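Below is one structure; the comments refer to it alone.
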Protein chains: 2
Amino acid sequence: MTTDELHSRILDRRSFLCVGLDTDYQRLPDCIKGGSAAQSVLRFNKEIIDATAPFCISYKPNLAFYEALGPEGMKVLEDTVDHIRSKHPDKFIIADAKRGDIGNTARLYARTFFETYDFDAVTLSPYMGVETVLPFLDYPGRYAISVALSSNPGSSDFEQQAVAGAGGHSPLASEDYGKFRSEGSTLQPLYRTVMEKMMEVSTPENLMFVAGATKAEVFKEIRTFCPDNFLLVPGVGAQGGSAEEVIANGANSRGGLIINSSRAIIYASSGKDFAEAAAKAAAVTARL
Amino acid sequence: MTTDELHSRILDRRSFLCVGLDTDYQRLPDCIKGGSAAQSVLRFNKEIIDATAPFCISYKPNLAFYEALGPEGMKVLEDTVDHIRSKHPDKFIIADAKRGDIGNTARLYARTFFETYDFDAVTLSPYMGVETVLPFLDYPGRYAISVALSSNPGSSDFEQQAVAGAGGHSPLASEDYGKFRSEGSTLQPLYRTVMEKMMEVSTPENLMFVAGATKAEVFKEIRTFCPDNFLLVPGVGAQGGSAEEVIANGANSRGGLIINSSRAIIYASSGKDFAEAAAKAAAVTARL
C-alpha cells in the first residue's frame with residue numbers, strides 16, 4: 001500500500017484509527033469463551049474486526065499476546081491476518097513486534113512478517129542501529145515502523161536522554177528542551193537522533209515511526225525535522241493520550257498519522273454487547 | 001539455574017561456550033534435508049545438540065529463524081527446547097528474541113518464554129526503558145538478558161552515542177573515551193547508562209547483559225562498573241571476535257561469561273560429517 005492509498009483510506013473512513021488487537025484470553029467476555037484459548041481469541045478477533053471495520057483504517061495485532069499461546073497462537077495470528085485480508089481488504093495491517101536485531105537476523109524477521117505472514121508493516125526497536133530496519137525497506141508497499149518516542153513512563157529512561165555528537169544537528173528550538181541546550185550546542189534527545197539516522201537511509205514510502213501520544217506537545221517539534229513520514233501513535237485511550245491534540249499537531253498534508261487504541265476499544269464491554277460496544281468506541285476515536 | 005550452578009557447569013565442562021542455533025533451512029547439508037523445512041531444521045538441531053553437548057554450557061535458538069517458518073517453526077522451537085531439557089538437562093537455554101516493549105506487553109513476553117516455552121533466559125532490547133526487563137525479573141532462577149553493547153557495525157549508531165545527564169556518573173576512565181570526556185563531565189556511552197539503570201532494579205541472579213566480543217578492549221572498562229553480572233558475548237567466530245581476549249578481560253570470579261558462536265559451529269561442514277565437524281569446532285571455541 002502506498003502512502004497515497006493510505007491517505008485515501010483515511011479520507012474515505014474519516015478516521016486515523018488503528019484498532020490494536022492485544023487480545024488476552026483472560027480478559028475475554030465469558031460469552032465468547034469455548035474450546036481452546038486460541039480458538040476463543042480467534043473468534044473474538046473476528047467479531048471485533050467485523051464490528052469496527054467501518055470506523056478504522058488499520059489493525060495491529062500485538063505479537064506478545066499470540067506468542068504466549070504457543071505454536072497454536074501463531075496460527076491464530078495467521079488466521080486473523082487472513083480474515084482481515086479476505087473480508088476487509090482496504091485495511092493496513094501492522095505487526096506490533098518491536099523486533100530489533102543485526103542485519104543477518106533482521107532479514108529473517110522481514111521474511112517472517114512480509115512473506116510468511118502477510119503484514120503491511122512491522123514495528124521495530126532501533127537500539128542496535130540503523131541496520132535493524134534496512135532489510136524491511138526492500139519490500140515495495142510495505143513499511144518498517146521504528147520506535148522513536150514511546151508513550152510509556154520508561155521513555156524517559158533512554159529515548160529522551162540527551163545525546164551528543166549526533167552529526168552537528170542544531171539543538172531543538174522548543175523551550176521544553178532548554179535542559180538539553182544548556183549542556184552543549186549539539187545535544188538533542190536520542191529519539192531525534194534515531195529518527196534522523198533512519199531517515200537518511202529510507203523514504204516515507206518504506207519507513208514510519210512510533211511516536212507516543214501522551215507527549216502530544218512534542219508532535220509539533222517532531223514535524224519540524226520529520227514533516228513527511230507517517231507516525232504510528234500509541235497511547236490513546238487506556239494510556240491517556242488525546243487524539244484531538246495529536247491530530248492538531250501531528251497530521252500533515254498526506255494524513256501522516258495512524259492513531260492506535262487497543263484496550264479502550266476491544267474491552268469496551270465485557271458483556272454480550274462487546275462487539276457493538278467496540279464499534280461505538282471506535283466510531284468516536286481518532287475521527288478526522 | 002543460579003549463577004553458582006552456571007559457574008559449576010562452566011568449570012565442569014571447562015567451557016564458556018553457547019552454541020547459537022541460527023538454523024536456516026537454506027544452509028542445511030543436503031543429507032539432512034527431507035520432509036518439510038521445519039522437520040529438517042528439527043532433525044539438524046537434534047544432531048548438532050547431541051554432538052556439541054560435551055563442549056558447551058548453553059544453547060541459544062535465534063527466534064527469527066523459527067518464526068520465519070510460521071506456526072510450524074514455533075513447534076520446532078518447542079521441540080528443540082524439549083530435546084535439550086530431556087537429553088542434556090545441565091544446559092542453560094537462551095531465547096535470542098531481542099523483545100522490548102512496555103510493561104503490559106513485557107509481562108506477556110515473560111510468560112511466553114518462561115512458561116509457554118521453557119527457556120532459562122531471554123534477550124531483550126532496552127530502548128523503551130527499564131520496564132522492558134521488569135516482568136522477567138520475577139521468575140526465580142531465570143534471567144532477562146538486556147542488550148547493552150552489540151557486536152555489529154550498527155552499535156556505533158546509538159549504543160555508543162555519548163549521553164548527558166545520566167545521573168551524575170563520572171566519565172569513563174579509559175583514554176578510548178576521550179571523545180566523550182571532552183564534551184562534558186557527565187557524558188558517557190549510552191550502553192553504560194542502560195547497564196547502570198538496569199542494575200539499579202535487578203541483581204546478578206536475574207539480569208545479564210549482551211556485550212559484543214568484537215569490542216574486547218571494552219570488557220575491562222565494563223567490569224569497572226559491572227563486576228558481577230554475567231555477560232552474554234556474541235560475535236565470536238563468524239563476526240570476528242577473539243574468545244581468548246574476551247576471557248582475559250571479561251571473566252570474573254563467578255565465571256561471568258557466556259560466549260556465543262553460531263555459524264562457525266553449526267555450519268562447520270556442509271557434508272555428511274556436519275555434526276562431527278560442529279563438535280570439533282565447539283571443542284576449540286571458548287575453552288576455559
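In the C-alpha cells, chains take letters A, B, ... by order of appearance, with residues numbered from 1 within each chain and ligands from 1 in the order shown.
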
Residue set, segment 40-279 of chain B restricted to strand (DSSP E or B), as a VMD selection string: chain B and resid 58 to 62 92 to 99 121 to 124 143 to 149 162 to 164 188 to 189 207 to 211 231 to 233 236 241 252 255 257 to 261

Who sits within 10 Å of segment 131-139 of chain B, only C-alpha atoms, same chain under 2 positions skipped, as a ChimeraX atom specification: /A:152-155,157 /B:99-111,113-115,120-129,141-146,198,201-203,205-207

Interatomic distance (Å, one decimal) between atom CA of Glu276 of chain A and atom CA of Ser262 of chain A: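 The value is 15.3 Å.
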
Å distance separating atom CA of Pro61 of chain A from atom CA of Asp22 of chain A, one decimal place: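 Spanning atom CA of Pro61 of chain A to atom CA of Asp22 of chain A is a straight-line distance of 6.0 Å.
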
Shell around Gln160 of chain B at 6 Å using only C-alpha atoms, local window under 3 positions removed, as a PyMOL selection string: chain B and resi 156+189-190

Pick from A:Thr52, A:Ser151, A:Gln26, A:Asn249 nearest to chain B, counting only C-alpha atoms: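 Result for the nearest residue to chain B: A:Ser151.
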
Residue contacts of segment 213-230 of chain B (10 Å, only C-alpha atoms) excluding same-chain residues fewer than 6 positions away, as a PyMOL selection string: chain B and resi 3+6-7+145+149-153+172-174+176+191-192+195-196+199+203-207+236-237+239-260

Keeping only C-alpha atoms, write the selected residues as a PDB file, in the first residue's frame.
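The resulting part-v1.pdb:
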```
ATOM      1  CA  THR B   3      24.703 -18.245  38.832  1.00  0.00           C
ATOM      2  CA  LEU B   6      26.027 -21.961  35.985  1.00  0.00           C
ATOM      3  CA  HIS B   7      29.559 -21.344  37.229  1.00  0.00           C
ATOM      4  CA  ILE B 145      19.470 -10.518  29.195  1.00  0.00           C
ATOM      5  CA  LEU B 149      26.702  -3.262  23.502  1.00  0.00           C
ATOM      6  CA  SER B 150      26.213  -5.421  20.438  1.00  0.00           C
ATOM      7  CA  SER B 151      28.881  -6.720  18.073  1.00  0.00           C
ATOM      8  CA  ASN B 152      27.543  -5.303  14.797  1.00  0.00           C
ATOM      9  CA  PRO B 153      28.809  -2.186  12.991  1.00  0.00           C
ATOM     10  CA  LEU B 172      34.850   6.606  31.780  1.00  0.00           C
ATOM     11  CA  ALA B 173      38.489   6.347  32.775  1.00  0.00           C
ATOM     12  CA  SER B 174      39.816   4.831  29.584  1.00  0.00           C
ATOM     13  CA  ASP B 176      39.497   5.424  24.460  1.00  0.00           C
ATOM     14  CA  TYR B 191      25.219   1.400  26.747  1.00  0.00           C
ATOM     15  CA  ARG B 192      26.737   2.309  30.128  1.00  0.00           C
ATOM     16  CA  MET B 195      23.536  -1.057  32.158  1.00  0.00           C
ATOM     17  CA  GLU B 196      23.599   1.230  35.203  1.00  0.00           C
ATOM     18  CA  MET B 199      21.433  -2.765  37.530  1.00  0.00           C
ATOM     19  CA  THR B 203      20.585  -8.451  40.743  1.00  0.00           C
ATOM     20  CA  PRO B 204      23.123 -10.690  39.022  1.00  0.00           C
ATOM     21  CA  GLU B 205      20.708 -13.534  39.838  1.00  0.00           C
ATOM     22  CA  ASN B 206      18.058 -12.242  37.436  1.00  0.00           C
ATOM     23  CA  LEU B 207      19.797  -9.990  34.907  1.00  0.00           C
ATOM     24  CA  VAL B 236      32.909 -14.791  18.314  1.00  0.00           C
ATOM     25  CA  GLY B 237      33.666 -16.738  15.130  1.00  0.00           C
ATOM     26  CA  GLN B 239      31.709 -11.984  13.319  1.00  0.00           C
ATOM     27  CA  GLY B 240      35.431 -11.967  14.047  1.00  0.00           C
ATOM     28  CA  GLY B 241      35.832 -11.586  17.817  1.00  0.00           C
ATOM     29  CA  SER B 242      38.548 -13.365  19.809  1.00  0.00           C
ATOM     30  CA  ALA B 243      37.353 -15.610  22.638  1.00  0.00           C
ATOM     31  CA  GLU B 244      40.761 -15.521  24.337  1.00  0.00           C
ATOM     32  CA  GLU B 245      40.684 -11.730  24.574  1.00  0.00           C
ATOM     33  CA  VAL B 246      37.133 -11.784  25.912  1.00  0.00           C
ATOM     34  CA  ILE B 247      38.001 -14.333  28.595  1.00  0.00           C
ATOM     35  CA  ALA B 248      41.134 -12.430  29.623  1.00  0.00           C
ATOM     36  CA  ASN B 249      39.212  -9.174  30.083  1.00  0.00           C
ATOM     37  CA  GLY B 250      35.620 -10.192  30.816  1.00  0.00           C
ATOM     38  CA  ALA B 251      35.703 -13.212  33.142  1.00  0.00           C
ATOM     39  CA  ASN B 252      35.128 -12.724  36.861  1.00  0.00           C
ATOM     40  CA  SER B 253      35.340 -14.913  39.961  1.00  0.00           C
ATOM     41  CA  ARG B 254      31.949 -16.470  39.194  1.00  0.00           C
ATOM     42  CA  GLY B 255      32.795 -17.247  35.584  1.00  0.00           C
ATOM     43  CA  GLY B 256      30.760 -14.310  34.413  1.00  0.00           C
ATOM     44  CA  LEU B 257      30.732 -15.106  30.703  1.00  0.00           C
ATOM     45  CA  ILE B 258      28.622 -16.999  28.207  1.00  0.00           C
ATOM     46  CA  ILE B 259      30.389 -16.825  24.853  1.00  0.00           C
ATOM     47  CA  ASN B 260      28.241 -17.494  21.827  1.00  0.00           C
TER      48      ASN B 260
END
```

Ser261 of chain A environment, 12 Å, only C-alpha atoms, sequence neighbours closer than 4 positions dropped, as a ChimeraX atom specification: /A:16-22,52,56,58-62,212-213,232-243,265-268,278,281-286

Contact residues around segment 38-44 of chain B with only C-alpha atoms at 8 Å, ignoring same-chain residues under 3 positions, as a list in words: Thr23, Asp24, Tyr25, Leu28, Ile32, Lys33, Gly34, Gly35, Glu47, Ile48, Leu69, Glu72, Gly73, Val76, Asp79 and Thr80 of chain B

Dump C-alpha atoms for the selected residues as an mmCIF file, in the first residue's frame?
```cif
data_model
loop_
_atom_site.group_PDB
_atom_site.id
_atom_site.type_symbol
_atom_site.label_atom_id
_atom_site.label_comp_id
_atom_site.auth_asym_id
_atom_site.auth_seq_id
_atom_site.Cartn_x
_atom_site.Cartn_y
_atom_site.Cartn_z
ATOM 1 C CA THR B 23 19.277 -22.705 11.887
ATOM 2 C CA ASP B 24 18.455 -21.662 8.313
ATOM 3 C CA TYR B 25 16.889 -24.356 6.138
ATOM 4 C CA LEU B 28 21.432 -27.165 5.828
ATOM 5 C CA ILE B 32 19.728 -33.826 6.462
ATOM 6 C CA LYS B 33 17.003 -32.367 4.216
ATOM 7 C CA GLY B 34 13.778 -34.295 3.815
ATOM 8 C CA GLY B 35 10.100 -33.720 4.506
ATOM 9 C CA GLU B 47 22.150 -33.827 15.746
ATOM 10 C CA ILE B 48 24.059 -30.605 16.355
ATOM 11 C CA LEU B 69 8.808 -20.955 9.245
ATOM 12 C CA GLU B 72 5.203 -24.977 12.450
ATOM 13 C CA GLY B 73 8.506 -23.242 13.184
ATOM 14 C CA VAL B 76 10.227 -26.860 16.095
ATOM 15 C CA ASP B 79 10.625 -29.463 20.361
ATOM 16 C CA THR B 80 14.210 -28.201 20.287
#
```

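Backbone DSSP over segment 8-53 of chain B yields alpha helix (DSSP H) at Ser8, Arg9, Ile10, Leu11, Asp12, Arg13, Ala37, Ala38, Gln39, Ser40, Val41, Leu42, Arg43, Phe44, Asn45, Lys46, Glu47, Ile48, Ile49, Asp50, Ala51 and Thr52 of chain B.
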
Write out the residues from the selection above, keeping N, CA, C and O atoms, as a short mmCIF file (atom, residue, chain, number, x, y, z; two decimals), in the first residue's frame.
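The new file result09.cif reads:
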```cif
data_model
loop_
_atom_site.label_atom_id
_atom_site.label_comp_id
_atom_site.auth_asym_id
_atom_site.auth_seq_id
_atom_site.Cartn_x
_atom_site.Cartn_y
_atom_site.Cartn_z
N SER B 8 29.43 -23.61 38.12
CA SER B 8 29.86 -25.02 38.25
C SER B 8 29.90 -25.71 36.91
O SER B 8 30.81 -26.49 36.61
N ARG B 9 28.91 -25.42 36.09
CA ARG B 9 28.87 -26.10 34.79
C ARG B 9 29.98 -25.62 33.87
O ARG B 9 30.52 -26.38 33.07
N ILE B 10 30.34 -24.34 34.01
CA ILE B 10 31.48 -23.82 33.25
C ILE B 10 32.76 -24.56 33.67
O ILE B 10 33.56 -24.99 32.83
N LEU B 11 32.93 -24.76 34.97
CA LEU B 11 34.12 -25.46 35.47
C LEU B 11 34.10 -26.93 35.06
O LEU B 11 35.12 -27.49 34.64
N ASP B 12 32.91 -27.56 35.15
CA ASP B 12 32.79 -28.98 34.77
C ASP B 12 33.19 -29.20 33.31
O ASP B 12 33.91 -30.15 32.98
N ARG B 13 32.64 -28.35 32.45
CA ARG B 13 32.88 -28.52 31.01
C ARG B 13 34.16 -27.85 30.54
O ARG B 13 34.55 -27.99 29.38
N ALA B 37 10.55 -28.17 5.57
CA ALA B 37 11.69 -27.39 6.07
C ALA B 37 11.75 -27.50 7.59
O ALA B 37 12.84 -27.66 8.17
N ALA B 38 10.60 -27.40 8.25
CA ALA B 38 10.57 -27.44 9.72
C ALA B 38 11.10 -28.77 10.24
O ALA B 38 11.90 -28.80 11.19
N GLN B 39 10.68 -29.87 9.62
CA GLN B 39 11.17 -31.18 10.06
C GLN B 39 12.68 -31.31 9.89
O GLN B 39 13.37 -31.87 10.74
N SER B 40 13.18 -30.75 8.77
CA SER B 40 14.62 -30.81 8.52
C SER B 40 15.39 -30.01 9.56
O SER B 40 16.45 -30.45 10.04
N VAL B 41 14.87 -28.84 9.90
CA VAL B 41 15.53 -27.99 10.89
C VAL B 41 15.58 -28.70 12.24
O VAL B 41 16.62 -28.69 12.93
N LEU B 42 14.50 -29.34 12.63
CA LEU B 42 14.47 -30.04 13.91
C LEU B 42 15.48 -31.19 13.94
O LEU B 42 16.23 -31.36 14.90
N ARG B 43 15.52 -31.98 12.85
CA ARG B 43 16.48 -33.09 12.78
C ARG B 43 17.91 -32.57 12.90
O ARG B 43 18.73 -33.12 13.64
N PHE B 44 18.20 -31.50 12.17
CA PHE B 44 19.54 -30.89 12.21
C PHE B 44 19.87 -30.42 13.62
O PHE B 44 20.96 -30.71 14.15
N ASN B 45 18.94 -29.70 14.26
CA ASN B 45 19.19 -29.20 15.61
C ASN B 45 19.54 -30.33 16.57
O ASN B 45 20.49 -30.24 17.35
N LYS B 46 18.76 -31.41 16.51
CA LYS B 46 19.00 -32.53 17.44
C LYS B 46 20.40 -33.11 17.24
O LYS B 46 21.10 -33.40 18.21
N GLU B 47 20.81 -33.26 15.99
CA GLU B 47 22.15 -33.83 15.75
C GLU B 47 23.25 -32.87 16.21
O GLU B 47 24.25 -33.30 16.79
N ILE B 48 23.07 -31.59 15.92
CA ILE B 48 24.06 -30.60 16.36
C ILE B 48 24.14 -30.58 17.88
O ILE B 48 25.24 -30.54 18.48
N ILE B 49 23.00 -30.60 18.53
CA ILE B 49 22.97 -30.54 20.00
C ILE B 49 23.65 -31.77 20.61
O ILE B 49 24.52 -31.64 21.48
N ASP B 50 23.29 -32.94 20.14
CA ASP B 50 23.88 -34.15 20.71
C ASP B 50 25.39 -34.21 20.49
O ASP B 50 26.13 -34.71 21.34
N ALA B 51 25.84 -33.67 19.35
CA ALA B 51 27.28 -33.72 19.04
C ALA B 51 28.08 -32.70 19.84
O ALA B 51 29.22 -32.96 20.23
N THR B 52 27.50 -31.53 20.10
CA THR B 52 28.26 -30.45 20.73
C THR B 52 28.10 -30.42 22.25
O THR B 52 28.84 -29.70 22.93
#
```

Length of the atom CA of Pro29 of chain A to atom CA of Arg85 of chain A vector [Å]: 25.3 Å
